[in-house]
Every structure is written in structure tokens, then in C-alpha cells.
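Below is final_30.csv, holding CSV, C-alpha atoms.
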chain,number,residue,atom,x,y,z
S,1,MET,CA,-107.9,-39.0,68.7
S,2,PRO,CA,-111.2,-39.9,70.4
S,3,LYS,CA,-114.0,-41.3,68.3
S,4,ALA,CA,-117.1,-40.3,70.1
S,5,LEU,CA,-118.9,-39.1,73.2
S,6,ILE,CA,-121.1,-41.8,74.6
S,7,GLN,CA,-123.4,-42.8,77.4
S,8,ILE,CA,-123.7,-46.4,78.5
S,9,ALA,CA,-126.4,-48.2,80.4
S,10,TYR,CA,-126.1,-51.4,82.5
S,11,ARG,CA,-129.2,-53.3,83.5
S,12,GLN,CA,-129.0,-55.4,86.6
S,13,ILE,CA,-131.6,-58.1,87.1
S,14,ILE,CA,-132.3,-59.0,90.7
S,15,ASP,CA,-134.2,-62.1,91.8
S,16,ILE,CA,-134.4,-64.4,94.8
S,17,ALA,CA,-131.2,-66.1,93.8
S,18,SER,CA,-129.2,-62.9,93.6
S,19,ASN,CA,-126.2,-62.7,95.9
S,20,GLY,CA,-124.9,-59.7,97.8
S,21,ALA,CA,-126.3,-57.5,100.5
S,22,PHE,CA,-127.4,-54.8,98.1
S,23,GLU,CA,-129.2,-57.2,95.9
S,24,GLN,CA,-130.9,-59.1,98.7
S,25,ASN,CA,-132.0,-55.8,100.3
S,26,VAL,CA,-133.4,-54.5,97.1
S,27,TRP,CA,-135.2,-57.8,96.4
S,28,LYS,CA,-136.7,-58.2,99.9
S,29,ASP,CA,-137.8,-54.6,100.4
S,30,SER,CA,-139.1,-54.1,96.9
S,31,TYR,CA,-141.3,-57.2,97.3
S,32,SER,CA,-142.7,-55.9,100.7
S,33,GLU,CA,-143.4,-52.5,99.1
S,34,PHE,CA,-144.9,-54.1,96.0
S,35,GLN,CA,-147.4,-55.8,98.3
S,36,ILE,CA,-148.2,-52.4,99.9
S,37,GLN,CA,-148.6,-50.5,96.6
S,38,ILE,CA,-150.5,-53.0,94.6
S,39,GLN,CA,-153.4,-52.7,97.1
S,40,THR,CA,-154.5,-49.4,95.6
S,41,TYR,CA,-155.3,-51.1,92.3
S,42,ASN,CA,-156.3,-54.6,93.6
S,43,GLN,CA,-158.9,-54.0,96.2
S,44,ASP,CA,-161.1,-56.8,94.9
S,45,ASN,CA,-158.1,-59.1,94.7
S,46,ARG,CA,-158.5,-59.7,91.0
S,47,TYR,CA,-154.9,-59.7,90.3
S,48,LYS,CA,-152.3,-62.2,91.6
S,49,THR,CA,-149.3,-61.2,89.4
S,50,TRP,CA,-147.7,-58.0,88.3
S,51,GLU,CA,-148.0,-59.0,84.7
S,52,GLU,CA,-151.8,-59.4,84.9
S,53,LEU,CA,-152.2,-56.0,86.6
S,54,LYS,CA,-149.8,-54.2,84.3
S,55,ALA,CA,-151.5,-55.5,81.2
S,56,ASP,CA,-154.9,-54.4,82.5
S,57,ASN,CA,-154.3,-51.1,84.3
S,58,GLY,CA,-152.1,-48.4,82.7
S,59,LYS,CA,-152.2,-46.2,85.8
S,60,ALA,CA,-150.9,-49.0,88.0
S,61,ALA,CA,-148.3,-49.9,85.4
S,62,PHE,CA,-147.0,-46.4,85.6
S,63,ASN,CA,-147.5,-45.6,89.4
S,64,ILE,CA,-146.4,-48.8,91.1
S,65,PRO,CA,-142.8,-49.1,89.9
S,66,TYR,CA,-141.8,-45.6,90.8
S,67,LYS,CA,-143.5,-45.8,94.2
S,68,VAL,CA,-141.9,-49.2,94.9
S,69,GLY,CA,-138.6,-47.6,93.8
S,70,PHE,CA,-138.8,-45.1,96.7
S,71,SER,CA,-138.5,-48.1,99.1
S,72,ILE,CA,-135.0,-48.9,97.9
S,73,GLY,CA,-133.8,-45.4,97.3
S,74,LEU,CA,-131.3,-45.4,100.2
S,75,TYR,CA,-129.8,-48.7,99.0
S,76,VAL,CA,-129.1,-47.1,95.6
S,77,LYS,CA,-127.7,-44.1,97.3
S,78,GLY,CA,-125.4,-46.4,99.2
S,79,LEU,CA,-123.8,-47.4,95.9
S,80,ASN,CA,-122.2,-44.0,95.9
S,81,GLY,CA,-122.8,-43.6,92.2
S,82,LYS,CA,-120.9,-46.7,91.1
S,83,MET,CA,-122.6,-49.4,89.0
S,84,PRO,CA,-122.6,-52.6,91.0
S,85,HIS,CA,-121.0,-55.7,89.5
S,86,LEU,CA,-119.8,-54.0,86.3
S,87,GLN,CA,-116.1,-54.1,86.4
S,88,ASP,CA,-113.4,-52.7,84.1
S,89,SER,CA,-110.7,-54.9,82.6
S,90,LEU,CA,-108.6,-54.5,85.8
S,91,GLY,CA,-111.6,-55.9,87.9
S,92,ARG,CA,-112.3,-52.5,89.4
S,93,ASN,CA,-115.8,-51.5,90.4
S,94,HIS,CA,-115.8,-47.8,89.5
S,95,ILE,CA,-118.0,-47.2,86.5
S,96,PRO,CA,-120.0,-44.2,87.5
S,97,PHE,CA,-123.8,-43.8,87.0
S,98,ALA,CA,-125.7,-40.5,86.9
S,99,ASN,CA,-129.2,-41.9,86.9
S,100,HIS,CA,-131.0,-45.1,87.6
S,101,GLU,CA,-134.4,-46.6,86.7
S,102,PHE,CA,-136.2,-49.2,88.8
S,103,GLU,CA,-138.4,-51.7,87.1
S,104,ILE,CA,-140.6,-54.5,88.2
S,105,VAL,CA,-140.0,-57.4,85.8
S,106,ALA,CA,-142.3,-59.9,87.4
S,107,SER,CA,-144.0,-60.4,90.7
S,108,ASP,CA,-146.8,-62.4,92.4
S,109,ILE,CA,-148.5,-61.4,95.6
S,110,THR,CA,-148.7,-65.0,96.7
S,111,ASN,CA,-145.3,-66.2,95.7
S,112,GLU,CA,-142.2,-64.2,96.6
S,113,GLN,CA,-140.0,-66.4,94.5
S,114,ALA,CA,-141.6,-64.9,91.4
S,115,HIS,CA,-140.5,-61.4,92.3
S,116,VAL,CA,-137.9,-60.1,89.9
S,117,VAL,CA,-136.8,-56.5,89.5
S,118,ALA,CA,-134.3,-54.6,87.4
S,119,LEU,CA,-132.2,-51.5,88.0
S,120,THR,CA,-130.8,-49.8,84.9
S,121,TYR,CA,-127.9,-47.5,85.6
S,122,THR,CA,-127.1,-44.8,83.1
S,123,SER,CA,-123.7,-43.2,82.9
S,124,ASP,CA,-122.9,-39.6,82.4
S,125,THR,CA,-120.8,-38.6,79.3
S,126,LEU,CA,-117.9,-40.9,78.6
S,127,THR,CA,-115.3,-40.3,75.9
S,128,LEU,CA,-114.7,-43.3,73.6
S,129,PHE,CA,-111.2,-43.4,72.3
S,130,ASP,CA,-111.2,-46.7,70.6
S,131,SER,CA,-112.4,-50.3,70.6
S,132,ILE,CA,-110.0,-53.2,70.8
S,133,GLY,CA,-111.7,-56.5,70.1
S,134,ASP,CA,-114.7,-56.5,72.4
S,135,HIS,CA,-113.3,-53.9,74.7
S,136,MET,CA,-114.0,-50.2,74.7
S,137,LEU,CA,-111.2,-47.7,75.7
S,138,LEU,CA,-112.9,-45.0,77.7
S,139,ALA,CA,-112.4,-42.0,79.9
S,140,GLU,CA,-114.9,-40.3,82.2
S,141,GLY,CA,-116.4,-37.0,81.0
S,142,ASP,CA,-115.7,-35.1,77.8
S,143,LYS,CA,-112.0,-35.4,77.2
S,144,THR,CA,-112.0,-34.1,73.6
S,145,LEU,CA,-110.1,-30.9,74.5
S,146,ALA,CA,-107.8,-32.4,77.1
S,147,GLY,CA,-104.2,-31.6,76.4
S,148,GLU,CA,-102.6,-33.5,79.3
S,149,THR,CA,-102.4,-37.2,80.3
S,150,ILE,CA,-105.9,-38.7,80.5
S,151,ASP,CA,-107.1,-41.4,83.0
S,152,MET,CA,-108.6,-44.2,81.0
S,153,PHE,CA,-110.1,-47.6,81.5
S,154,SER,CA,-111.2,-50.4,79.3
S,155,LEU,CA,-114.6,-52.1,79.5
S,156,LYS,CA,-115.6,-55.3,77.9
S,157,MET,CA,-118.9,-55.4,76.1
S,158,GLN,CA,-121.1,-57.9,77.8
S,159,PRO,CA,-124.7,-59.0,78.3
S,160,HIS,CA,-126.9,-56.2,79.8
S,161,LEU,CA,-124.4,-53.5,78.9
S,162,SER,CA,-125.2,-51.1,76.0
S,163,ILE,CA,-124.2,-47.8,74.5
S,164,ILE,CA,-127.4,-45.7,74.6
S,165,LYS,CA,-126.1,-42.4,73.3
S,166,TYR,CA,-123.4,-41.9,70.7
S,167,ARG,CA,-122.0,-38.6,69.3
S,168,PRO,CA,-119.3,-39.0,66.7
S,169,LEU,CA,-116.4,-36.6,66.9
E,1,MET,CA,-159.4,-41.4,123.8
E,2,GLN,CA,-163.2,-41.9,123.6
E,3,ARG,CA,-165.0,-39.7,121.1
E,4,LYS,CA,-166.8,-37.7,123.8
E,5,ASP,CA,-163.5,-37.1,125.5
E,6,PHE,CA,-162.0,-36.0,122.3
E,7,LEU,CA,-164.8,-33.5,121.7
E,8,LYS,CA,-164.6,-32.2,125.2
E,9,ASN,CA,-160.8,-31.9,125.1
E,10,SER,CA,-160.8,-30.3,121.7
E,11,VAL,CA,-163.2,-27.4,122.4
E,12,GLY,CA,-160.4,-25.5,124.1
E,13,MET,CA,-158.0,-26.0,121.3
E,14,ILE,CA,-160.0,-25.7,118.1
E,15,SER,CA,-163.2,-24.0,117.0
E,16,LEU,CA,-166.6,-25.7,116.9
E,17,ALA,CA,-166.7,-25.2,113.2
E,18,SER,CA,-163.7,-27.5,112.9
E,19,ILE,CA,-165.2,-30.2,115.0
E,20,ILE,CA,-168.4,-30.6,113.0
E,21,PRO,CA,-166.5,-31.8,109.9
E,22,ALA,CA,-164.7,-34.3,112.0
E,23,PHE,CA,-168.0,-35.5,113.4
E,24,ASN,CA,-169.4,-36.0,109.9
E,25,SER,CA,-166.4,-37.7,108.6
E,26,CYS,CA,-167.0,-40.9,110.6
E,27,ASN,CA,-169.6,-41.9,107.9
E,28,LYS,CA,-168.0,-40.3,104.9
E,29,GLU,CA,-166.5,-42.3,102.0
E,30,ASP,CA,-163.4,-40.5,100.8
E,31,ALA,CA,-162.5,-40.0,97.2
E,32,VAL,CA,-159.5,-41.9,96.0
E,33,ASP,CA,-157.1,-40.2,93.6
E,34,ASP,CA,-153.6,-40.3,92.5
E,35,GLU,CA,-151.5,-37.5,91.1
E,36,THR,CA,-151.5,-38.9,87.6
E,37,SER,CA,-155.2,-39.1,86.8
E,38,GLY,CA,-158.8,-39.5,87.6
E,39,SER,CA,-160.6,-40.7,90.7
E,40,ASP,CA,-162.0,-43.8,92.2
E,41,THR,CA,-163.8,-44.7,95.3
E,42,SER,CA,-163.1,-46.9,98.3
E,43,ASP,CA,-165.0,-47.7,101.4
E,44,GLY,CA,-162.0,-49.1,103.4
E,45,CYS,CA,-164.5,-51.0,105.5
E,46,ALA,CA,-162.4,-54.1,106.2
E,47,VAL,CA,-162.3,-54.7,110.0
E,48,THR,CA,-158.9,-55.4,111.4
E,49,ASP,CA,-157.8,-56.1,115.0
E,50,SER,CA,-155.9,-53.1,116.2
E,51,GLU,CA,-154.2,-55.4,118.8
E,52,THR,CA,-152.4,-57.6,116.3
E,53,ASP,CA,-148.7,-57.2,115.6
E,54,GLY,CA,-148.0,-53.9,113.9
E,55,PRO,CA,-145.9,-53.4,110.8
E,56,TYR,CA,-142.2,-53.4,111.1
E,57,PRO,CA,-141.3,-49.8,110.4
E,58,LEU,CA,-137.5,-50.3,111.0
E,59,TYR,CA,-137.5,-53.3,108.7
E,60,ASN,CA,-139.6,-51.6,106.1
E,61,SER,CA,-137.7,-48.3,106.2
E,62,ARG,CA,-134.1,-49.4,105.9
E,63,GLY,CA,-134.0,-48.6,102.2
E,64,SER,CA,-136.8,-46.1,102.0
E,65,SER,CA,-135.8,-42.7,100.7
E,66,ILE,CA,-139.1,-41.1,101.8
E,67,GLN,CA,-139.5,-42.3,105.4
E,68,ARG,CA,-138.6,-38.9,107.0
E,69,THR,CA,-140.2,-35.9,108.7
E,70,ASN,CA,-138.6,-33.2,106.6
E,71,ILE,CA,-139.9,-33.8,103.1
E,72,ALA,CA,-139.1,-30.5,101.4
E,73,ASP,CA,-135.7,-31.6,100.1
E,74,GLY,CA,-134.6,-28.0,99.9
E,75,LYS,CA,-137.4,-27.0,97.6
E,76,PRO,CA,-138.2,-23.3,97.9
E,77,GLY,CA,-141.6,-22.4,99.4
E,78,ILE,CA,-143.3,-21.1,102.5
E,79,PRO,CA,-142.7,-23.6,105.3
E,80,LEU,CA,-145.7,-25.9,106.2
E,81,ASN,CA,-145.8,-28.0,109.3
E,82,ILE,CA,-148.2,-30.9,108.8
E,83,ASN,CA,-149.8,-32.7,111.7
E,84,ILE,CA,-152.1,-35.5,110.9
E,85,THR,CA,-154.0,-37.7,113.4
E,86,ILE,CA,-155.5,-41.1,112.4
E,87,ARG,CA,-158.7,-42.2,114.1
E,88,ASN,CA,-160.7,-45.4,113.7
E,89,VAL,CA,-164.4,-45.2,113.2
E,90,ASN,CA,-164.7,-48.9,114.1
E,91,ASP,CA,-163.2,-48.2,117.5
E,92,ASN,CA,-165.2,-45.2,118.8
E,93,CYS,CA,-163.0,-42.9,116.8
E,94,ASN,CA,-160.0,-43.7,119.0
E,95,VAL,CA,-156.6,-42.9,117.7
E,96,VAL,CA,-154.6,-45.5,115.7
E,97,SER,CA,-151.0,-45.9,116.7
E,98,ASN,CA,-148.4,-47.5,114.4
E,99,ALA,CA,-150.4,-46.8,111.2
E,100,ARG,CA,-148.3,-46.0,108.2
E,101,VAL,CA,-149.2,-42.6,106.6
E,102,ASP,CA,-147.9,-41.8,103.2
E,103,ILE,CA,-148.3,-38.2,101.9
E,104,TRP,CA,-147.3,-36.5,98.7
E,105,HIS,CA,-147.9,-33.2,97.1
E,106,CYS,CA,-146.6,-30.9,94.4
E,107,ASP,CA,-143.9,-28.3,94.8
E,108,LYS,CA,-144.6,-24.5,94.7
E,109,ASP,CA,-144.9,-24.6,90.9
E,110,GLY,CA,-147.2,-27.6,90.7
E,111,TYR,CA,-144.7,-30.3,89.9
E,112,TYR,CA,-144.4,-33.7,91.5
E,113,SER,CA,-141.3,-35.7,92.2
E,114,GLY,CA,-140.9,-39.3,91.1
E,115,TYR,CA,-141.7,-39.0,87.4
E,116,THR,CA,-141.7,-36.7,84.4
E,117,ASN,CA,-144.5,-34.2,84.5
E,118,SER,CA,-145.6,-31.0,82.7
E,119,GLY,CA,-146.8,-27.7,84.0
E,120,TYR,CA,-146.6,-24.0,83.5
E,121,LEU,CA,-142.8,-24.1,83.4
E,122,GLY,CA,-142.7,-26.8,80.8
E,123,THR,CA,-141.8,-30.5,81.2
E,124,GLN,CA,-139.6,-31.5,84.2
E,125,ASN,CA,-138.0,-34.9,84.6
E,126,ASN,CA,-138.2,-35.4,88.3
E,127,SER,CA,-137.9,-39.2,88.2
E,128,SER,CA,-134.8,-39.3,90.5
E,129,GLU,CA,-136.3,-36.8,93.0
E,130,VAL,CA,-138.4,-37.5,96.1
E,131,PHE,CA,-139.3,-33.9,97.2
E,132,CYS,CA,-142.6,-33.4,98.9
E,133,ARG,CA,-143.1,-37.1,99.6
E,134,GLY,CA,-142.9,-38.8,103.0
E,135,LEU,CA,-144.1,-41.6,105.1
E,136,GLN,CA,-144.2,-42.0,108.8
E,137,TYR,CA,-145.8,-44.3,111.4
E,138,THR,CA,-148.3,-42.8,113.8
E,139,ASP,CA,-147.1,-42.4,117.4
E,140,ALA,CA,-149.0,-43.4,120.5
E,141,SER,CA,-151.3,-40.4,120.1
E,142,GLY,CA,-152.1,-41.5,116.5
E,143,VAL,CA,-150.1,-38.6,115.1
E,144,VAL,CA,-147.6,-38.2,112.2
E,145,LYS,CA,-145.7,-34.9,111.6
E,146,PHE,CA,-144.0,-33.7,108.5
E,147,SER,CA,-142.3,-30.4,107.6
E,148,SER,CA,-142.7,-29.4,104.0
E,149,ILE,CA,-143.6,-26.4,101.9
E,150,TYR,CA,-147.0,-25.0,101.1
E,151,PRO,CA,-148.0,-26.8,97.9
E,152,GLY,CA,-148.5,-24.9,94.7
E,153,TRP,CA,-151.1,-25.9,92.1
E,154,TYR,CA,-151.5,-27.3,88.6
E,155,SER,CA,-154.1,-26.8,86.0
E,156,GLY,CA,-157.5,-28.4,86.8
E,157,ARG,CA,-156.9,-29.1,90.5
E,158,VAL,CA,-157.2,-27.1,93.7
E,159,THR,CA,-154.4,-27.1,96.2
E,160,HIS,CA,-154.2,-30.5,97.9
E,161,ILE,CA,-152.1,-33.1,99.6
E,162,HIS,CA,-152.5,-36.8,98.9
E,163,ALA,CA,-152.6,-39.3,101.8
E,164,GLN,CA,-152.7,-43.0,102.2
E,165,VAL,CA,-153.1,-44.9,105.4
E,166,PHE,CA,-152.1,-48.5,106.0
E,167,VAL,CA,-152.7,-50.5,109.2
E,168,ASN,CA,-150.6,-53.7,109.5
E,169,ASN,CA,-149.5,-53.2,105.9
E,170,VAL,CA,-153.2,-53.2,104.7
E,171,LEU,CA,-154.4,-50.2,102.8
E,172,LYS,CA,-157.3,-48.6,104.7
E,173,LEU,CA,-157.8,-45.3,102.9
E,174,THR,CA,-156.5,-43.2,100.0
E,175,THR,CA,-157.6,-39.6,100.5
E,176,GLN,CA,-156.7,-36.0,100.0
E,177,ILE,CA,-156.3,-33.0,102.2
E,178,ALA,CA,-157.7,-29.6,101.1
E,179,PHE,CA,-156.6,-26.1,102.2
E,180,PRO,CA,-158.8,-23.1,103.2
E,181,GLU,CA,-159.4,-20.9,100.1
E,182,ASP,CA,-158.4,-17.6,101.8
E,183,ILE,CA,-155.0,-19.0,102.8
E,184,ASN,CA,-154.4,-20.4,99.2
E,185,THR,CA,-155.1,-16.9,98.0
E,186,ALA,CA,-152.7,-15.2,100.5
E,187,VAL,CA,-149.9,-17.7,99.8
E,188,TYR,CA,-150.2,-17.4,96.0
E,189,ASN,CA,-149.9,-13.6,96.3
E,190,THR,CA,-146.5,-13.9,98.0
E,191,THR,CA,-143.3,-13.3,96.0
E,192,LEU,CA,-142.3,-17.0,96.0
E,193,TYR,CA,-145.6,-18.1,94.5
E,194,ALA,CA,-146.7,-15.1,92.5
E,195,ALA,CA,-145.2,-16.1,89.2
E,196,HIS,CA,-147.8,-18.8,88.8
E,197,GLY,CA,-150.6,-16.5,89.9
E,198,GLN,CA,-153.9,-17.5,91.4
E,199,ASN,CA,-155.6,-20.8,90.8
E,200,SER,CA,-159.0,-20.5,89.0
E,201,THR,CA,-160.0,-23.9,90.4
E,202,LYS,CA,-161.4,-23.5,93.9
E,203,ASN,CA,-162.4,-26.0,96.6
E,204,THR,CA,-166.0,-25.8,95.6
E,205,SER,CA,-165.3,-26.4,91.9
E,206,ASP,CA,-162.6,-29.1,92.2
E,207,SER,CA,-163.9,-32.4,90.8
E,208,ILE,CA,-162.3,-34.5,93.6
E,209,ILE,CA,-162.6,-32.3,96.7
E,210,ARG,CA,-165.9,-30.4,96.2
E,211,ASP,CA,-168.0,-33.2,97.6
E,212,SER,CA,-165.6,-34.0,100.4
E,213,LEU,CA,-164.9,-30.7,102.0
E,214,ASP,CA,-166.8,-31.6,105.1
E,215,ASN,CA,-164.1,-34.1,106.0
E,216,GLU,CA,-161.1,-33.3,103.8
E,217,LEU,CA,-160.6,-29.6,104.6
E,218,ALA,CA,-157.7,-29.1,107.0
E,219,LEU,CA,-157.2,-26.4,109.7
E,220,VAL,CA,-154.4,-24.2,108.4
E,221,ALA,CA,-153.1,-21.2,110.4
E,222,ALA,CA,-150.2,-18.8,110.1
E,223,ASN,CA,-147.5,-19.4,112.6
E,224,SER,CA,-145.0,-17.1,114.3
E,225,THR,CA,-142.1,-18.1,112.1
E,226,GLY,CA,-143.5,-17.0,108.8
E,227,GLY,CA,-145.0,-20.4,107.8
E,228,TYR,CA,-148.2,-22.2,108.3
E,229,ASP,CA,-149.4,-25.1,110.5
E,230,LEU,CA,-151.7,-27.6,109.1
E,231,VAL,CA,-153.7,-29.8,111.5
E,232,HIS,CA,-156.0,-32.6,110.1
E,233,THR,CA,-157.7,-35.8,111.3
E,234,ILE,CA,-158.2,-38.7,108.9
E,235,TYR,CA,-160.8,-41.2,109.9
E,236,ILE,CA,-160.4,-44.8,108.8
E,237,ALA,CA,-162.4,-48.0,109.3
E,238,ALA,CA,-159.9,-50.5,110.6
Would you write the structure of this file as C-alpha cells?
Amino acid sequence: MPKALIQIAYRQIIDIASNGAFEQNVWKDSYSEFQIQIQTYNQDNRYKTWEELKADNGKAAFNIPYKVGFSIGLYVKGLNGKMPHLQDSLGRNHIPFANHEFEIVASDITNEQAHVVALTYTSDTLTLFDSIGDHMLLAEGDKTLAGETIDMFSLKMQPHLSIIKYRPL
Amino acid sequence: MQRKDFLKNSVGMISLASIIPAFNSCNKEDAVDDETSGSDTSDGCAVTDSETDGPYPLYNSRGSSIQRTNIADGKPGIPLNINITIRNVNDNCNVVSNARVDIWHCDKDGYYSGYTNSGYLGTQNNSSEVFCRGLQYTDASGVVKFSSIYPGWYSGRVTHIHAQVFVNNVLKLTTQIAFPEDINTAVYNTTLYAAHGQNSTKNTSDSIIRDSLDNELALVAANSTGGYDLVHTIYIAA
């Protein structure tokens, strides 16, 4: 018997050292766009880092991340709804996400090496059947009424992975 | 094109009334606003060399979900063709090619894409949407074109489009584009827009646009396909 309906979130940190075409594209283009978008709030060049501006200007803290996020929208679309890097116990890259959130963790208009962003991918509903050690036994969607054989996968709890919604059955 | 040529060539195409605002706009500072709050000012007076290397639109656009000409994303509304020309007051009001122009506006019900916002239909989480947002680089004639829908309105603001202009990746101007009042009224009387009714805020009472109508009011005319054509010139100091 399934135990709960859950949603999981996986947060991917991307910095200058991140490998992979997707990661490098996201890092590079989000830094270019950050330098474009910060100008609206930095016309007197008071701010060098994202952290300084964010602490000082709530409007910038709100507007800049979602506008920079547009610059990498097609890369995220290219993931075809599968969370990058997160693999099930068989090493398959198929964990689906329904939404994503882009975040600027740190940046510096004079030092690209300081640019760090994060993408948090949120799944749709998953059915949690059991947990075995540090592995969750899951199925996509709500399988509480399923009467036939269910496609399942197991996923190891790991850093940057969390259950964000839990509905006990 | 020199300014005198522009004026001479324009007389045949557009009315004198529309030229006068363009004339004045060479000296006008535009209001800066964003969709989320308040206003600011900017003089955008930094002088840049228009002959230097342009931005790299292909490089910059590879991942962009908003670099496109059709920005409606299937949102219902009366079609609006947007034609914006960028001119440089520091260069005899000649056109500026390869300038990046970002525009964004609300949907027919007054909601923006990109974040969660509230309106007369309640709160909508549009954070994963990019409707009614676009960016293009001006062509050799200094023109960018977008196809969208006629914007609706939200409480406290008159109908408007936001625009930002960058030259060589440097922000030159953040401004807004206003619509003729009679056309707003006609559009908001149509079936698609009628549920929200007429906007009590007018161009002359809008806190951002009322002092900028001489240079922010676009030419908008009905076209033969049931939509509207918007033509506007933005003057920057580059």
C-alpha cells in the first residue's frame, strides 16, 4: 500500500566549474544577462556584487532574477522536463519536473568567477510506496487507485534533494 | 537619415500632429518604471560610439525564451502589430541599428508573465510564462517589430507597454509607450475585453505617463485584419 503522495525538489547549483553543455550555457548566458539587467538599478555604479544590490534594493532583488531567467529559458526547455544530474538507482536520468525556479546565488559585475546561479526543479505528484534505507520507492503520478502493474523507480536521498509536499494516505 | 530628411519623408506617411511629439522628444527625459512598482528617472546621456562592435545577438539569444517577434504566446486578445524605431539624439536623430529593444506588457486582463501577480481575476502565478514579453535587435532601418495582443489594464495604471533600449549592451533608456484614449475605449468595449470594463485611469491622469505624452504616445490605427498597428519612435542619447 502506498504511504503518501509527495512532490520533490532538486536544487542544482551552477558555477564556473560546472561541467556539461547545459550548465556552461546557463552559467555563461545568465552572467551576460545579469550584466544587462543590473544596469537598471546600478546607473551610478554603486554596486559591484549581486549580494550588495540585493540587500539594498528590494525591487532589484525581485526583478533581476526572473528577467535573467528569461535568458536561459530555451536551455531549460531543452531538458524536456527531466531533472539534470538526478539519477534513479539504475542510473537513469528521467525524474520529471513540472516547474523550475531560477535564482542568482552570487555575482559580481567585475568578476565572472564569482557568478553562481541555482535552478530548483520541482516535480509533479509522485506516489511514495515505501522507503528502504535511504532510498524512496516511487511512481510517477497518483497511483493510489491503480489496480494493475505499476512502473516504479527508486531514488536515493542526497544533498540538494528534498520532499517539499507530503500527503499521507 | 538626417532629421530634415526624416521630417520631409514622413509628411506623406503620418500626420503633422504626430511629428511634433517626435520633435519635442529629442530633449525629453523619459520616466523609468517597471511593472512591479514606482518610478524613477534617467537621462541616458552617456555618449557611445555607434561605430563600435555591436552586441552579439546570436550569442546572447541562444538560450533566450523571449527573443522572438510573436510574443502573444497564444494569449487571447485583439492582435497588435508593434513597430518601434530607435533614433539617436546625439547623432542628428539618425536611426540606430543593432540596438537591443526589450518590451513587455500585461495581457488582456492586466496580468504580467514572469511572476505571481494579482488583478481583478484574483492571483495568478505566471512565473513560468513569458507571454507578452519580447526582445529584438533593430535592423538597418533602426526598426524592431513584434506581434502581440492589445494590452489590457490593471488598477492604477493606464494602458502601456514597457520598453528598454540597450546599445552595445549598455542600457540607454527605460521608457513606456502610451495608447490613444479613444482606441483604449473602443478596445475595452469589445467582447474579449468587456469583462474588465473601462479603465478609470486615463493618459492625462496616469502618474507615469501624464507628463510624458508628448513623446510616449504612440500612433495606433485599426488595420484591415481586425487588429491594430502601433507605430512609435523612441529617442535615445547614445
#### Entry: Distance filter 6 Å, all atoms listed in the file, chain E against chain S, as a ChimeraX atom specification
/E:63-65
Which residues come within 7 Å of stretch 185-188 of chain E, counting all atoms listed in the file, excluding same-chain residues fewer than 3 positions away, as an mmCIF file with C-alpha atoms, keeping the file's coordinate frame?
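File produced: selection.cif:
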data_model
loop_
_atom_site.group_PDB
_atom_site.id
_atom_site.type_symbol
_atom_site.label_atom_id
_atom_site.label_comp_id
_atom_site.auth_asym_id
_atom_site.auth_seq_id
_atom_site.Cartn_x
_atom_site.Cartn_y
_atom_site.Cartn_z
ATOM 1 C CA GLU E 181 -159.400 -20.900 100.100
ATOM 2 C CA ASP E 182 -158.400 -17.600 101.800
ATOM 3 C CA TYR E 193 -145.600 -18.100 94.500
ATOM 4 C CA ALA E 194 -146.700 -15.100 92.500
ATOM 5 C CA GLY E 197 -150.600 -16.500 89.900
ATOM 6 C CA GLN E 198 -153.900 -17.500 91.400
#
### Message
Please report the interatomic distance between atom CA of E:Asn169 and atom CA of E:Gly142 in Å with one decimal.
### Response
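Straight-line distance from atom CA of E:Asn169 to atom CA of E:Gly142 works out to 16.0 Å.
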### Residues near E:Ile84, cut-off 8 Å, only C-alpha atoms, skip fewer than 5 positions along chain, as a PyMOL selection string
chain E and resi 143-145+231-234
### atom CA of S:Lys48 to atom CA of S:Tyr31, distance in Å rounded to a single decimal
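Separation of atom CA of S:Lys48 and atom CA of S:Tyr31: 13.4 Å.
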### Query
Could you tell me, as a list in words, which residues have any atom at most 8 Å from (-158.0, -45.0, 120.2), counting all atoms listed in the file?
Met1, Gln2, Arg87, Asn88, Asp91, Asn92, Cys93, Asn94, Val95, Val96, Ser97 and Gly142 of chain E
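Here atom CA of S:Ser123 stands at a distance of 9.4 Å from atom CA of S:Gly81.
Using all atoms listed in the file, the nearest neighbour of E:Asn184 within the list E:Ile236, E:Cys132, E:Ile82, E:Ala221 is E:Ala221.
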#### Entry: Near-E:Phe131 list (9 Å; only C-alpha atoms; drop same-chain fewer than 2 positions) as a PyMOL selection string
chain E and resi 66+71-75+104-107+112-114+129+133-134+148
Env of E:Thr191: 12 Å cut, atoms = only C-alpha atoms, seq-sep filter 5 positions within chain, self excluded. Answer as an mmCIF file with C-alpha atoms, in the frame of the given file.
data_model
loop_
_atom_site.group_PDB
_atom_site.id
_atom_site.type_symbol
_atom_site.label_atom_id
_atom_site.label_comp_id
_atom_site.auth_asym_id
_atom_site.auth_seq_id
_atom_site.Cartn_x
_atom_site.Cartn_y
_atom_site.Cartn_z
ATOM 1 C CA PRO E 76 -138.200 -23.300 97.900
ATOM 2 C CA GLY E 77 -141.600 -22.400 99.400
ATOM 3 C CA ILE E 78 -143.300 -21.100 102.500
ATOM 4 C CA LYS E 108 -144.600 -24.500 94.700
ATOM 5 C CA ALA E 186 -152.700 -15.200 100.500
ATOM 6 C CA HIS E 196 -147.800 -18.800 88.800
ATOM 7 C CA GLY E 197 -150.600 -16.500 89.900
#
### Message
With only C-alpha atoms as the counted atoms, please give the residues lying no more than 8 Å from E:Gly156, apart from itself and same-chain residues fewer than 2 positions off, as a PyMOL selection string.
### Response
chain E and resi 154+158+201+206
### Task
Counting all atoms listed in the file, find the residues whose atoms lie at most 9 Å from (-116.9, -45.2, 75.5) (file coordinates) and write them out as a PyMOL selection string.
chain S and resi 3-8+125-131+136-140+154-155+163+166
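Shortest separation to S:Asp124 among S:Phe34, S:Tyr47, S:Tyr10, S:Phe97 occurs at residue S:Phe97, atoms counted being only C-alpha atoms.
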### Query
Which is closest to S:Pro65 among E:Asn98, E:Ser127, E:Asn81, E:Asn189, if we use all atoms listed in the file?
E:Ser127
### Message
So, with all atoms listed in the file as the atoms that count, which of S:Ala106, S:Gln113, S:Thr120, S:Leu90 lies closest to S:Phe153?
### Response
S:Leu90
